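Text of the file input_31.cif, holding mmCIF, C-alpha atoms and all ligand atoms:
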data_final
loop_
_atom_site.label_atom_id
_atom_site.label_comp_id
_atom_site.auth_asym_id
_atom_site.auth_seq_id
_atom_site.Cartn_x
_atom_site.Cartn_y
_atom_site.Cartn_z
CA MET A 155 -1.76 25.99 57.86
CA LYS A 156 -2.06 25.52 54.11
CA PHE A 157 -4.62 23.69 52.06
CA ASP A 158 -3.71 22.34 48.68
CA ARG A 159 -6.02 21.54 45.84
CA ARG A 160 -6.04 17.84 46.68
CA GLU A 161 -7.20 18.59 50.20
CA LEU A 162 -9.96 20.82 48.89
CA LEU A 163 -11.08 17.97 46.65
CA THR A 164 -10.89 15.50 49.52
CA LEU A 165 -13.03 17.84 51.55
CA VAL A 166 -15.70 17.79 48.84
CA GLY A 167 -15.78 14.01 49.18
CA ALA A 168 -15.94 14.15 52.96
CA GLY A 169 -18.80 16.64 52.80
CA ALA A 170 -20.74 14.40 50.45
CA LEU A 171 -20.44 11.46 52.85
CA THR A 172 -21.94 13.18 55.88
CA GLY A 173 -25.40 12.70 54.41
CA ILE A 174 -26.72 16.11 55.44
CA ALA A 175 -29.00 17.61 52.83
CA SER A 176 -27.88 20.98 51.53
CA PRO A 177 -30.41 23.55 52.75
CA LEU A 178 -32.31 25.60 50.23
CA ARG A 179 -34.17 28.45 51.85
CA ALA A 180 -35.58 31.71 50.60
CA GLY A 181 -35.34 35.06 52.35
CA ASN A 182 -33.50 34.99 55.61
CA GLY A 183 -34.98 31.73 56.70
CA PRO A 184 -32.95 29.72 59.17
CA PHE A 185 -29.88 27.74 58.28
CA ALA A 186 -30.53 24.00 58.30
CA VAL A 187 -28.13 22.92 61.03
CA HIS A 188 -27.49 19.59 62.58
CA ARG A 189 -26.03 18.87 66.03
CA PRO A 190 -24.33 15.46 65.73
CA GLU A 191 -22.95 15.76 69.27
CA PRO A 192 -23.34 18.28 72.10
CA GLY A 193 -21.50 21.51 71.32
CA LEU A 194 -21.01 20.77 67.62
CA VAL A 195 -23.08 22.50 64.96
CA GLU A 196 -22.74 21.15 61.45
CA ALA A 197 -24.11 22.87 58.38
CA HIS A 198 -23.72 23.11 54.62
CA LEU A 199 -23.61 26.28 52.61
CA THR A 200 -23.33 26.67 48.85
CA ALA A 201 -22.68 29.91 46.98
CA ALA A 202 -24.31 29.71 43.54
CA PRO A 203 -26.07 31.70 40.83
CA THR A 204 -29.77 31.58 41.69
CA ARG A 205 -33.01 32.91 40.23
CA HIS A 206 -34.90 34.77 42.90
CA THR A 207 -37.86 37.12 43.12
CA VAL A 208 -36.85 40.52 44.49
CA ALA A 209 -39.54 43.18 45.01
CA GLY A 210 -41.76 41.54 42.40
CA ARG A 211 -38.99 41.10 39.86
CA ASP A 212 -37.48 37.83 38.71
CA ALA A 213 -33.75 38.32 39.14
CA GLU A 214 -30.52 36.44 38.53
CA LEU A 215 -28.52 36.74 41.76
CA TRP A 216 -25.59 35.06 43.42
CA THR A 217 -26.81 33.63 46.70
CA TYR A 218 -25.86 31.57 49.72
CA GLY A 219 -28.07 28.52 50.15
CA GLY A 220 -30.48 29.86 47.53
CA GLY A 221 -31.60 32.67 49.88
CA PHE A 222 -31.56 36.42 49.50
CA PRO A 223 -30.30 37.33 52.02
CA GLY A 224 -28.45 34.14 52.85
CA PRO A 225 -29.93 31.88 55.55
CA GLU A 226 -29.58 33.02 59.14
CA LEU A 227 -26.96 31.04 60.99
CA ARG A 228 -27.90 30.86 64.69
CA LEU A 229 -25.76 29.16 67.26
CA ARG A 230 -24.89 29.45 70.91
CA ALA A 231 -21.71 30.87 72.40
CA GLY A 232 -19.29 28.07 73.22
CA GLU A 233 -20.45 25.89 70.33
CA THR A 234 -18.18 24.76 67.52
CA LEU A 235 -19.32 25.47 63.99
CA ARG A 236 -18.36 23.00 61.29
CA LEU A 237 -19.44 24.57 58.02
CA HIS A 238 -19.06 22.68 54.76
CA PHE A 239 -18.86 25.44 52.21
CA HIS A 240 -19.14 24.77 48.49
CA ASN A 241 -18.37 27.23 45.70
CA ASP A 242 -20.70 26.84 42.72
CA LEU A 243 -19.91 30.32 41.41
CA PRO A 244 -17.93 30.76 38.19
CA GLU A 245 -15.07 32.40 40.15
CA VAL A 246 -12.98 32.21 43.32
CA THR A 247 -14.64 33.10 46.61
CA ASN A 248 -14.38 32.51 50.38
CA LEU A 249 -16.13 33.48 53.63
CA HIS A 250 -15.56 36.17 56.22
CA PHE A 251 -17.39 35.93 59.55
CA HIS A 252 -17.72 39.65 60.11
CA GLY A 253 -17.18 40.80 63.70
CA LEU A 254 -16.55 37.43 65.31
CA HIS A 255 -13.52 37.37 67.58
CA ILE A 256 -12.13 34.05 66.32
CA PRO A 257 -8.68 33.19 64.89
CA PRO A 258 -7.72 34.81 61.55
CA THR A 259 -5.96 31.57 60.62
CA GLY A 260 -6.57 27.89 59.83
CA ARG A 261 -10.21 27.00 59.27
CA ALA A 262 -11.60 29.99 61.17
CA ASP A 263 -11.92 33.58 59.87
CA ASN A 264 -9.14 33.01 57.37
CA ILE A 265 -9.59 35.41 54.47
CA TRP A 266 -6.36 34.18 52.83
CA ILE A 267 -8.11 31.03 51.63
CA ASP A 268 -9.26 31.13 48.01
CA ILE A 269 -11.85 28.53 47.11
CA PRO A 270 -11.84 27.92 43.33
CA PRO A 271 -15.06 27.33 41.37
CA GLY A 272 -16.49 23.85 41.89
CA GLU A 273 -14.49 23.23 45.06
CA SER A 274 -15.30 23.02 48.75
CA PHE A 275 -13.78 24.01 52.04
CA ARG A 276 -14.60 23.05 55.60
CA TYR A 277 -14.64 25.99 58.00
CA GLU A 278 -14.46 24.96 61.63
CA PHE A 279 -14.08 27.06 64.74
CA GLU A 280 -15.30 27.44 68.28
CA ILE A 281 -17.35 30.49 69.18
CA PRO A 282 -15.90 31.86 72.44
CA GLU A 283 -18.28 32.02 75.41
CA SER A 284 -17.95 35.81 75.39
CA GLU A 285 -19.19 36.17 71.80
CA THR A 286 -22.92 36.70 71.78
CA GLY A 287 -24.75 39.02 69.46
CA THR A 288 -25.45 40.04 65.90
CA PHE A 289 -22.88 39.38 63.19
CA TRP A 290 -22.96 38.54 59.48
CA TYR A 291 -21.05 36.66 56.82
CA HIS A 292 -19.94 37.71 53.34
CA PRO A 293 -17.17 36.95 50.81
CA HIS A 294 -13.67 38.36 51.31
CA ALA A 295 -11.64 37.41 48.22
CA HIS A 296 -9.72 40.62 47.62
CA GLY A 297 -10.71 42.50 44.46
CA ARG A 298 -13.99 40.56 44.18
CA ILE A 299 -15.66 41.48 47.46
CA ALA A 300 -17.73 44.42 46.19
CA ARG A 301 -19.06 42.67 43.08
CA GLN A 302 -19.86 39.42 44.90
CA MET A 303 -21.68 41.19 47.72
CA TRP A 304 -23.55 43.42 45.28
CA ARG A 305 -24.83 40.37 43.39
CA GLY A 306 -26.38 38.99 46.57
CA LEU A 307 -23.80 37.20 48.72
CA SER A 308 -24.29 37.95 52.42
CA GLY A 309 -26.29 36.64 55.35
CA PRO A 310 -26.91 37.11 59.09
CA LEU A 311 -25.10 35.25 61.85
CA VAL A 312 -26.52 35.36 65.38
CA VAL A 313 -24.81 33.98 68.46
CA GLU A 314 -27.23 33.39 71.32
CA GLY A 315 -26.42 33.68 75.02
CA GLY A 316 -25.35 36.48 77.37
CA ILE A 317 -28.07 39.11 77.80
CA ASP A 318 -30.55 36.99 75.82
CA ASP A 319 -31.34 35.33 79.13
CA MET A 320 -32.57 38.57 80.72
CA PRO A 321 -36.32 38.11 81.35
CA GLU A 322 -37.22 41.23 79.32
CA LEU A 323 -35.24 40.03 76.31
CA ARG A 324 -36.52 36.49 76.64
CA ALA A 325 -40.05 37.86 76.49
CA ALA A 326 -39.29 40.22 73.60
CA ASP A 327 -39.80 39.30 69.97
CA ASP A 328 -36.40 38.73 68.34
CA ARG A 329 -36.16 39.87 64.71
CA THR A 330 -33.24 40.11 62.37
CA ILE A 331 -33.49 43.13 60.10
CA PHE A 332 -31.02 42.59 57.29
CA LEU A 333 -30.70 45.79 55.30
CA ARG A 334 -29.17 46.44 51.91
CA ASP A 335 -29.81 48.32 48.72
CA ILE A 336 -29.83 47.04 45.16
CA GLU A 337 -30.70 48.11 41.64
CA PHE A 338 -31.36 46.07 38.51
CA MET A 339 -30.62 46.38 34.83
CA GLY A 340 -32.93 43.88 33.18
CA ASP A 341 -32.91 40.88 35.49
CA VAL A 342 -29.41 41.29 36.92
CA PRO A 343 -28.02 43.66 39.55
CA THR A 344 -26.50 46.61 37.68
CA ARG A 345 -22.84 46.20 36.81
CA HIS A 346 -20.13 48.31 38.43
CA TRP A 347 -19.47 51.45 36.38
CA PRO A 348 -16.15 53.33 36.74
CA ASN A 349 -17.68 55.93 39.10
CA ASP A 350 -19.05 53.22 41.37
CA TRP A 351 -15.54 52.38 42.52
CA SER A 352 -14.92 55.89 43.79
CA HIS A 353 -18.43 56.76 45.00
CA GLY A 354 -19.29 53.32 46.34
CA LYS A 355 -22.03 51.33 44.61
CA GLU A 356 -25.60 52.17 45.60
CA GLY A 357 -29.04 51.26 44.30
CA ARG A 358 -32.42 52.93 44.53
CA LEU A 359 -34.16 49.91 46.00
CA VAL A 360 -33.72 49.64 49.79
CA LEU A 361 -34.51 46.15 51.06
CA CYS A 362 -35.37 44.79 54.48
CA ASN A 363 -34.79 41.01 54.64
CA GLY A 364 -34.77 40.93 50.84
CA GLN A 365 -38.15 42.66 50.55
CA SER A 366 -39.27 46.18 49.84
CA ALA A 367 -41.05 47.66 52.91
CA PRO A 368 -42.33 44.35 54.34
CA THR A 369 -44.95 44.08 57.08
CA ILE A 370 -43.77 42.14 60.10
CA GLN A 371 -46.21 40.72 62.63
CA ALA A 372 -44.76 41.44 66.09
CA ARG A 373 -45.02 38.54 68.51
CA ALA A 374 -44.61 40.68 71.65
CA SER A 375 -45.09 44.29 72.68
CA LEU A 376 -41.31 44.70 72.90
CA VAL A 377 -39.41 43.90 69.71
CA ARG A 378 -35.66 43.44 69.53
CA LEU A 379 -34.48 44.39 66.07
CA ARG A 380 -31.08 43.06 65.13
CA LEU A 381 -30.20 45.70 62.55
CA ILE A 382 -27.49 44.70 60.08
CA ASN A 383 -26.34 46.98 57.27
CA ALA A 384 -25.10 44.64 54.53
CA SER A 385 -24.91 47.34 51.85
CA ASN A 386 -21.77 47.92 49.83
CA ALA A 387 -21.84 51.68 50.38
CA HIS A 388 -25.32 52.77 51.46
CA TYR A 389 -25.57 54.26 54.96
CA MET A 390 -28.72 53.27 56.83
CA ARG A 391 -30.21 55.81 59.22
CA VAL A 392 -33.17 54.20 60.95
CA GLY A 393 -35.93 55.73 63.07
CA ARG A 394 -39.62 55.45 63.88
CA ALA A 395 -42.23 57.44 61.97
CA ASP A 396 -44.14 58.21 65.18
CA GLY A 397 -41.16 60.08 66.61
CA ARG A 398 -40.78 57.72 69.56
CA PRO A 399 -37.23 56.60 70.39
CA LEU A 400 -35.28 53.43 69.78
CA HIS A 401 -33.47 51.77 72.69
CA VAL A 402 -29.97 50.65 71.71
CA ILE A 403 -28.66 47.63 73.63
CA SER A 404 -25.66 46.61 71.54
CA THR A 405 -23.30 47.90 68.87
CA ASP A 406 -21.57 45.58 66.40
CA GLY A 407 -22.69 42.53 68.35
CA ARG A 408 -21.34 43.76 71.68
CA THR A 409 -23.62 44.58 74.58
CA LEU A 410 -23.61 48.06 76.08
CA ALA A 411 -23.42 48.59 79.84
CA LYS A 412 -26.64 50.60 79.81
CA THR A 413 -29.46 50.94 77.30
CA ARG A 414 -29.15 54.14 75.26
CA THR A 415 -32.16 55.94 73.95
CA ALA A 416 -31.89 57.51 70.50
CA GLU A 417 -34.26 59.27 68.14
CA ASP A 418 -32.61 57.48 65.25
CA VAL A 419 -29.52 55.36 64.66
CA LEU A 420 -26.94 55.41 61.88
CA LEU A 421 -25.40 52.23 60.52
CA THR A 422 -22.50 52.46 58.09
CA PRO A 423 -22.00 49.51 55.76
CA ALA A 424 -21.13 46.46 57.94
CA GLN A 425 -22.27 47.95 61.25
CA ARG A 426 -24.90 46.25 63.40
CA MET A 427 -27.04 47.52 66.22
CA ASP A 428 -29.60 45.75 68.39
CA VAL A 429 -32.45 48.11 69.26
CA LEU A 430 -35.61 47.61 71.28
CA VAL A 431 -38.88 48.93 69.90
CA GLU A 432 -41.84 49.43 72.22
CA MET A 433 -45.10 48.67 70.43
CA PRO A 434 -48.00 50.94 71.37
CA LYS A 435 -51.21 48.98 72.00
CA ASP A 436 -53.06 48.13 68.77
CA THR A 437 -50.96 50.51 66.67
CA GLU A 438 -48.56 49.76 63.85
CA VAL A 439 -45.01 51.07 64.00
CA GLU A 440 -43.51 52.30 60.77
CA LEU A 441 -39.74 51.97 60.64
CA LEU A 442 -38.16 54.62 58.49
CA HIS A 443 -35.07 54.89 56.37
CA LEU A 444 -33.96 58.48 56.96
CA PRO A 445 -31.69 60.57 54.72
CA TYR A 446 -27.99 60.71 55.50
CA ASP A 447 -25.41 62.65 53.53
CA ARG A 448 -22.14 60.73 53.34
CA ARG A 449 -20.74 63.36 51.01
CA SER A 450 -21.06 61.22 47.89
CA PRO A 451 -23.21 62.12 44.87
CA HIS A 452 -25.85 59.55 45.91
CA LEU A 453 -29.22 60.78 47.10
CA SER A 454 -30.59 59.34 50.29
CA ARG A 455 -34.31 59.84 50.88
CA ARG A 456 -36.89 59.20 53.56
CA GLN A 457 -38.83 55.99 52.91
CA THR A 458 -40.50 53.12 54.72
CA LEU A 459 -38.17 50.30 55.71
CA ALA A 460 -40.74 48.01 57.31
CA THR A 461 -44.01 48.12 59.22
CA LEU A 462 -44.39 46.31 62.51
CA ARG A 463 -47.91 45.10 63.16
CA PRO A 464 -48.92 45.08 66.86
CA PRO A 465 -48.99 41.75 68.68
CA GLU A 466 -52.31 40.03 69.13
CA GLU A 467 -52.06 40.28 72.87
CA HIS A 468 -50.53 43.37 74.47
CA LEU A 469 -48.49 42.48 77.54
CA SER A 470 -46.30 45.34 78.62
CA ILE A 471 -42.60 44.40 78.80
CA PRO A 472 -40.26 46.99 80.33
CA VAL A 473 -37.12 48.14 78.52
CA PRO A 474 -34.19 46.99 80.65
CA GLU A 475 -31.95 49.84 81.74
CA MET A 476 -28.81 48.13 83.03
CA LEU A 477 -27.45 45.43 80.73
CA GLN A 478 -24.06 44.10 81.76
CA SER A 479 -20.83 45.37 83.25
CA PHE A 480 -18.50 46.93 80.73
CA ALA A 481 -14.92 45.75 81.16
CA ALA A 482 -12.20 47.39 79.12
CA PRO A 483 -8.47 47.68 79.79
CA ASP A 484 -7.09 50.98 81.03
CA PRO A 485 -5.82 52.98 78.00
CA ALA A 486 -2.76 53.85 80.12
CA ARG A 487 -1.69 50.23 79.61
CA ALA A 488 -1.36 50.72 75.85
CA VAL A 489 2.17 49.86 74.73
CA ARG A 490 1.96 51.16 71.17
CA ARG A 491 0.25 53.89 69.19
CA ARG A 492 -0.38 53.62 65.47
CA PHE A 493 -1.62 56.14 62.98
CA ILE A 494 -3.77 55.33 59.95
CA SER A 495 -4.88 57.94 57.43
CA MET A 496 -7.78 57.22 55.08
CA ALA A 497 -8.38 58.79 51.69
CA MET A 498 -9.73 57.48 48.41
CA PHE A 499 -8.10 54.12 47.70
CA LEU A 500 -5.16 54.70 50.08
CA LEU A 501 -4.33 53.96 53.71
CA ASN A 502 -1.32 55.91 54.96
CA GLY A 503 -0.78 57.08 51.39
CA GLN A 504 -0.37 53.57 50.01
CA PRO A 505 -2.66 51.21 48.12
CA TYR A 506 -3.10 47.68 49.46
CA ASN A 507 -0.32 45.23 48.68
CA PRO A 508 -1.00 41.60 49.65
CA ASP A 509 2.75 40.98 49.88
CA ARG A 510 3.43 43.82 52.32
CA ILE A 511 2.83 43.71 56.06
CA ASP A 512 1.78 47.17 57.14
CA GLN A 513 1.58 46.70 60.91
CA VAL A 514 3.28 44.16 63.13
CA GLY A 515 1.74 43.63 66.56
CA ARG A 516 2.39 41.39 69.54
CA GLY A 517 -0.28 39.03 70.83
CA GLY A 518 -1.78 40.23 74.11
CA ASP A 519 -0.65 43.84 73.72
CA ILE A 520 -2.98 46.75 74.18
CA GLU A 521 -2.66 49.42 71.52
CA ILE A 522 -4.16 52.75 70.58
CA TRP A 523 -4.94 53.32 66.92
CA LYS A 524 -5.46 56.87 65.79
CA VAL A 525 -7.40 56.89 62.52
CA SER A 526 -7.94 60.02 60.44
CA ASN A 527 -10.11 60.64 57.42
CA VAL A 528 -8.09 62.99 55.23
CA GLY A 529 -10.44 62.51 52.26
CA THR A 530 -13.63 64.19 51.11
CA MET A 531 -16.28 61.56 51.83
CA ASP A 532 -17.19 59.36 54.80
CA HIS A 533 -15.14 56.17 55.25
CA PRO A 534 -16.11 53.39 57.70
CA PHE A 535 -12.97 51.89 59.26
CA HIS A 536 -13.18 48.15 59.99
CA MET A 537 -10.80 45.76 61.69
CA HIS A 538 -10.92 41.97 61.44
CA THR A 539 -10.46 39.55 64.37
CA TRP A 540 -9.92 42.20 67.03
CA TYR A 541 -12.44 44.84 67.95
CA PHE A 542 -11.97 48.19 69.58
CA GLN A 543 -13.33 50.69 72.04
CA PRO A 544 -13.61 54.19 70.53
CA LEU A 545 -11.98 56.54 73.08
CA THR A 546 -12.16 59.95 71.48
CA MET A 547 -13.56 61.64 68.39
CA ASN A 548 -11.74 64.82 67.35
CA GLY A 549 -10.26 65.09 70.83
CA GLN A 550 -13.60 64.80 72.64
CA PRO A 551 -14.31 61.74 74.78
CA TRP A 552 -16.58 59.20 73.09
CA PRO A 553 -20.01 59.79 74.66
CA TYR A 554 -20.46 56.27 76.00
CA SER A 555 -18.50 53.05 76.47
CA CYS A 556 -18.93 50.57 73.66
CA TRP A 557 -17.06 48.07 71.54
CA ARG A 558 -17.18 48.25 67.78
CA ASP A 559 -15.55 46.57 64.80
CA THR A 560 -16.49 49.33 62.37
CA VAL A 561 -16.47 53.07 63.03
CA ASN A 562 -17.50 55.94 60.77
CA LEU A 563 -15.24 58.86 59.96
CA THR A 564 -16.63 61.92 58.23
CA PRO A 565 -14.09 64.07 56.34
CA GLY A 566 -11.58 65.60 58.75
CA ASP A 567 -12.45 63.26 61.62
CA THR A 568 -9.82 61.67 63.83
CA VAL A 569 -10.81 58.84 66.13
CA GLU A 570 -8.71 57.12 68.79
CA LEU A 571 -9.42 53.43 69.26
CA LEU A 572 -8.34 51.20 72.11
CA VAL A 573 -7.36 47.88 70.53
CA PRO A 574 -6.61 44.87 72.75
CA LEU A 575 -4.78 42.34 70.54
CA SER A 576 -6.07 39.55 72.73
CA HIS A 577 -6.36 35.76 72.39
CA TYR A 578 -5.04 35.19 68.87
CA THR A 579 -2.07 35.71 66.62
CA GLY A 580 -1.91 35.75 62.86
CA LYS A 581 -2.18 37.89 59.79
CA THR A 582 -5.37 39.72 58.95
CA VAL A 583 -6.64 43.00 57.50
CA TYR A 584 -8.14 46.35 58.43
CA HIS A 585 -9.91 48.34 55.75
CA CYS A 586 -12.54 50.79 54.60
CA HIS A 587 -15.92 49.00 54.54
CA ILE A 588 -17.22 50.81 51.52
CA ALA A 589 -16.74 47.53 49.67
CA GLU A 590 -15.51 49.21 46.49
CA HIS A 591 -12.91 51.22 48.42
CA GLY A 592 -11.55 48.09 50.10
CA ASP A 593 -11.26 46.28 46.78
CA LYS A 594 -9.52 49.26 45.19
CA GLY A 595 -6.83 49.51 47.84
CA MET A 596 -8.09 50.97 51.13
CA MET A 597 -6.89 47.91 53.02
CA GLY A 598 -3.82 47.10 55.09
CA ILE A 599 -2.33 44.01 56.71
CA LEU A 600 -1.88 43.57 60.44
CA ASP A 601 0.33 40.68 61.51
CA VAL A 602 0.05 39.85 65.21
CA ARG A 603 2.90 37.63 66.35
CA ASP A 604 3.65 35.63 69.47
CA ALA A 605 4.85 37.64 72.41
CU CU A 701 -13.95 54.37 51.98
#
Show me the file's structure as structure tokens.
Ligand SMILES: [Cu+2]
Amino acid sequence: MKFDRRELLTLVGAGALTGIASPLRAGNGPFAVHRPEPGLVEAHLTAAPTRHTVAGRDAELWTYGGGFPGPELRLRAGETLRLHFHNDLPEVTNLHFHGLHIPPTGRADNIWIDIPPGESFRYEFEIPESETGTFWYHPHAHGRIARQMWRGLSGPLVVEGGIDDMPELRAADDRTIFLRDIEFMGDVPTRHWPNDWSHGKEGRLVLCNGQSAPTIQARASLVRLRLINASNAHYMRVGRADGRPLHVISTDGRTLAKTRTAEDVLLTPAQRMDVLVEMPKDTEVELLHLPYDRRSPHLSRRQTLATLRPPEEHLSIPVPEMLQSFAAPDPARAVRRRFISMAMFLLNGQPYNPDRIDQVGRGGDIEIWKVSNVGTMDHPFHMHTWYFQPLTMNGQPWPYSCWRDTVNLTPGDTVELLVPLSHYTGKTVYHCHIAEHGDKGMMGILDVRDA
């Protein structure tokens, strides 16, 4: 499927005729959506330079829908999203729906589309019934991803359904916690300096939903935090100041079989985790950003991420223990093994080449990918379209069953991933999710063809 310039222009016209006002929201307010018929969600989104107040400072950002972060897109599994996207930036951009298992082709999660300045594109895809959870969207025009994200382009995407209907989760407060760092020079996010490409760009200001250490009024004594790390390179280690645990119910938008209790959780750039926080009666809960050493020169320090204020009425809600059955194919059914090595700006010793197909797969096959970090700093490995079950880390079984689309590798680590190439065919990418590393070449192409 190809779209020429005339079609893009036609699409601008079509968008203008639908008569839906373009939403303009601040913070991660909701997306203005419209349901013209059952099962169809229609929305408009514009990427544009925007003046915005960030931590008391008037800043010139690039935003989606005028918001920082972009507006939260919430829909239900099984619905079709028709998203009229308009590019008001001075350069080419596009959208990536991070973590969603939808086609890598056509009008779905097609990163090969370039939308020129002033033009529009209609994204349209159905969210499979099985896809419920916490995702996010950001640009994926190769070579521009890091700078566009750094300037402000990203937003949360939540698909409702599945375990949301458990009584405990229905009663819980549901909060998106969109995390990223930033730093300003004057009123603009600092530019990328040469070292930023190798170290990964970080800033001293850590933001929660676009704010510095906000206070959030809990609406129930159990709070579900949908943690999203939208940083270019900053690792987010999150815990509670009172030393009580977090209860993890999903990783990268995919529900665990059983709730896992953890003192703190680590999110690499692009990872998500849904955690339950039990609010003590009449007591605030301070959420902390804890130090993590990813073996870069950046300092990571302990600071407040957000404060949860107790609900007005304390009604005890239990933390569910069993969540849903975990179904994964038997690794013995894998028909192919692949090996990927990661080091600064190279995968398998080669920089990214958009004209080279690095891996050819067959739709429906089950594969095992062995990924090694042969470099000197952490690299988060991410795969588009398909997601994986980590099987082993350095030869040891992964401690629990989970699905992920991004996995961290510290220097010397080797991870084995079970990858079912299910449901779709097409060409997409796998890459390091330190945004600067991906742009500089730590990206490869996977082409999954018909069986
Ligand atoms: Cu990397």
Find the spatial neighbours of A:Leu254, counting all atoms listed in the file, within a cut-off of 10 Å - ignore same-chain residues fewer than 2 positions away - and output them as a PDB file with C-alpha atoms, in the coordinates of the input.
ATOM      1  CA  HIS A 250     -15.560  36.170  56.220  1.00  0.00           C
ATOM      2  CA  PHE A 251     -17.390  35.930  59.550  1.00  0.00           C
ATOM      3  CA  HIS A 252     -17.720  39.650  60.110  1.00  0.00           C
ATOM      4  CA  ILE A 256     -12.130  34.050  66.320  1.00  0.00           C
ATOM      5  CA  PRO A 257      -8.680  33.190  64.890  1.00  0.00           C
ATOM      6  CA  PRO A 258      -7.720  34.810  61.550  1.00  0.00           C
ATOM      7  CA  ALA A 262     -11.600  29.990  61.170  1.00  0.00           C
ATOM      8  CA  ASP A 263     -11.920  33.580  59.870  1.00  0.00           C
ATOM      9  CA  ILE A 281     -17.350  30.490  69.180  1.00  0.00           C
ATOM     10  CA  PRO A 282     -15.900  31.860  72.440  1.00  0.00           C
ATOM     11  CA  GLU A 285     -19.190  36.170  71.800  1.00  0.00           C
ATOM     12  CA  THR A 286     -22.920  36.700  71.780  1.00  0.00           C
ATOM     13  CA  GLY A 287     -24.750  39.020  69.460  1.00  0.00           C
ATOM     14  CA  THR A 288     -25.450  40.040  65.900  1.00  0.00           C
ATOM     15  CA  PHE A 289     -22.880  39.380  63.190  1.00  0.00           C
ATOM     16  CA  TRP A 290     -22.960  38.540  59.480  1.00  0.00           C
ATOM     17  CA  TYR A 291     -21.050  36.660  56.820  1.00  0.00           C
ATOM     18  CA  LEU A 311     -25.100  35.250  61.850  1.00  0.00           C
ATOM     19  CA  VAL A 313     -24.810  33.980  68.460  1.00  0.00           C
ATOM     20  CA  ASP A 406     -21.570  45.580  66.400  1.00  0.00           C
ATOM     21  CA  GLY A 407     -22.690  42.530  68.350  1.00  0.00           C
ATOM     22  CA  HIS A 538     -10.920  41.970  61.440  1.00  0.00           C
ATOM     23  CA  THR A 539     -10.460  39.550  64.370  1.00  0.00           C
ATOM     24  CA  TRP A 540      -9.920  42.200  67.030  1.00  0.00           C
ATOM     25  CA  TYR A 541     -12.440  44.840  67.950  1.00  0.00           C
ATOM     26  CA  ASP A 559     -15.550  46.570  64.800  1.00  0.00           C
TER      27      ASP A 559
END
Any residue with an atom at most 8 Å from ligand CU 701 (chain A) counts, using all atoms listed in the file. Which are they? Put them as a compact mmCIF listing (two decimals) with C-alpha atoms, keeping the file's coordinate frame.
# COMPACT_ATOMS: atom_id res chain seq x y z
CA GLY A 354 -19.29 53.32 46.34
CA MET A 496 -7.78 57.22 55.08
CA ALA A 497 -8.38 58.79 51.69
CA MET A 498 -9.73 57.48 48.41
CA PHE A 499 -8.10 54.12 47.70
CA MET A 531 -16.28 61.56 51.83
CA ASP A 532 -17.19 59.36 54.80
CA HIS A 533 -15.14 56.17 55.25
CA PRO A 534 -16.11 53.39 57.70
CA PHE A 535 -12.97 51.89 59.26
CA CYS A 586 -12.54 50.79 54.60
CA HIS A 587 -15.92 49.00 54.54
CA ILE A 588 -17.22 50.81 51.52
CA ALA A 589 -16.74 47.53 49.67
CA GLU A 590 -15.51 49.21 46.49
CA HIS A 591 -12.91 51.22 48.42
CA GLY A 592 -11.55 48.09 50.10
CA MET A 596 -8.09 50.97 51.13
Nearest residue to A:Leu307 from the set A:Thr200, A:Thr413, A:Ser375, A:Thr330 (distances using all atoms listed in the file): A:Thr200
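One distance worth recording is that between atom CA of A:Ile331 and atom CA of A:Gly316, which is 20.2 Å.
Across the structure, atom CA of A:Phe185 and atom CA of A:Leu227 are spaced 5.2 Å apart.
Atom CA of A:Trp523 lies 13.3 Å from atom CA of A:Arg558.
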Could you check which of A:Pro451, A:Pro434, A:Gly503, A:Pro270 is closest to A:His468, using only C-alpha atoms? A:Pro434
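Comparing A:Asp604, A:Asp341, A:Asp335, A:Glu440 by their smallest distance to A:Arg358, the closest is A:Asp335 (using all atoms listed in the file).
Minimum atom-to-atom distance to A:Asp318, evaluated using only C-alpha atoms, belongs to A:Ile403 out of A:Leu571, A:Ile403, A:Leu359, A:Leu453.
Residue nearest A:Leu600, chosen from A:Asp319, A:Glu278, A:Asp509, A:Glu337 and counting all atoms listed in the file: A:Asp509.
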My list of candidates is A:Pro551, A:His296, A:His353, A:Ala326. Which is closest to A:His585 when distances are computed with all atoms listed in the file? A:His296
Please list as a compact mmCIF listing (two decimals) with C-alpha atoms, keeping the file's coordinate frame every residue within 12 Å of A:Asp350, counting only C-alpha atoms and excluding residues in the same chain fewer than 4 positions away.
# COMPACT_ATOMS: atom_id res chain seq x y z
CA ALA A 300 -17.73 44.42 46.19
CA ARG A 301 -19.06 42.67 43.08
CA TRP A 304 -23.55 43.42 45.28
CA THR A 344 -26.50 46.61 37.68
CA ARG A 345 -22.84 46.20 36.81
CA HIS A 346 -20.13 48.31 38.43
CA GLY A 354 -19.29 53.32 46.34
CA LYS A 355 -22.03 51.33 44.61
CA GLU A 356 -25.60 52.17 45.60
CA GLY A 357 -29.04 51.26 44.30
CA ASN A 386 -21.77 47.92 49.83
CA ALA A 387 -21.84 51.68 50.38
CA HIS A 388 -25.32 52.77 51.46
CA SER A 450 -21.06 61.22 47.89
CA PRO A 451 -23.21 62.12 44.87
CA HIS A 452 -25.85 59.55 45.91
CA ILE A 588 -17.22 50.81 51.52
CA ALA A 589 -16.74 47.53 49.67
CA GLU A 590 -15.51 49.21 46.49
CA HIS A 591 -12.91 51.22 48.42
CA ASP A 593 -11.26 46.28 46.78
CA LYS A 594 -9.52 49.26 45.19
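Summary of the local environment: counting only C-alpha atoms, residues at most 6 Å from A:Gly598, other than itself and those fewer than 6 positions away along its chain, are Tyr506, Asp512, Val583 and Tyr584 of chain A.
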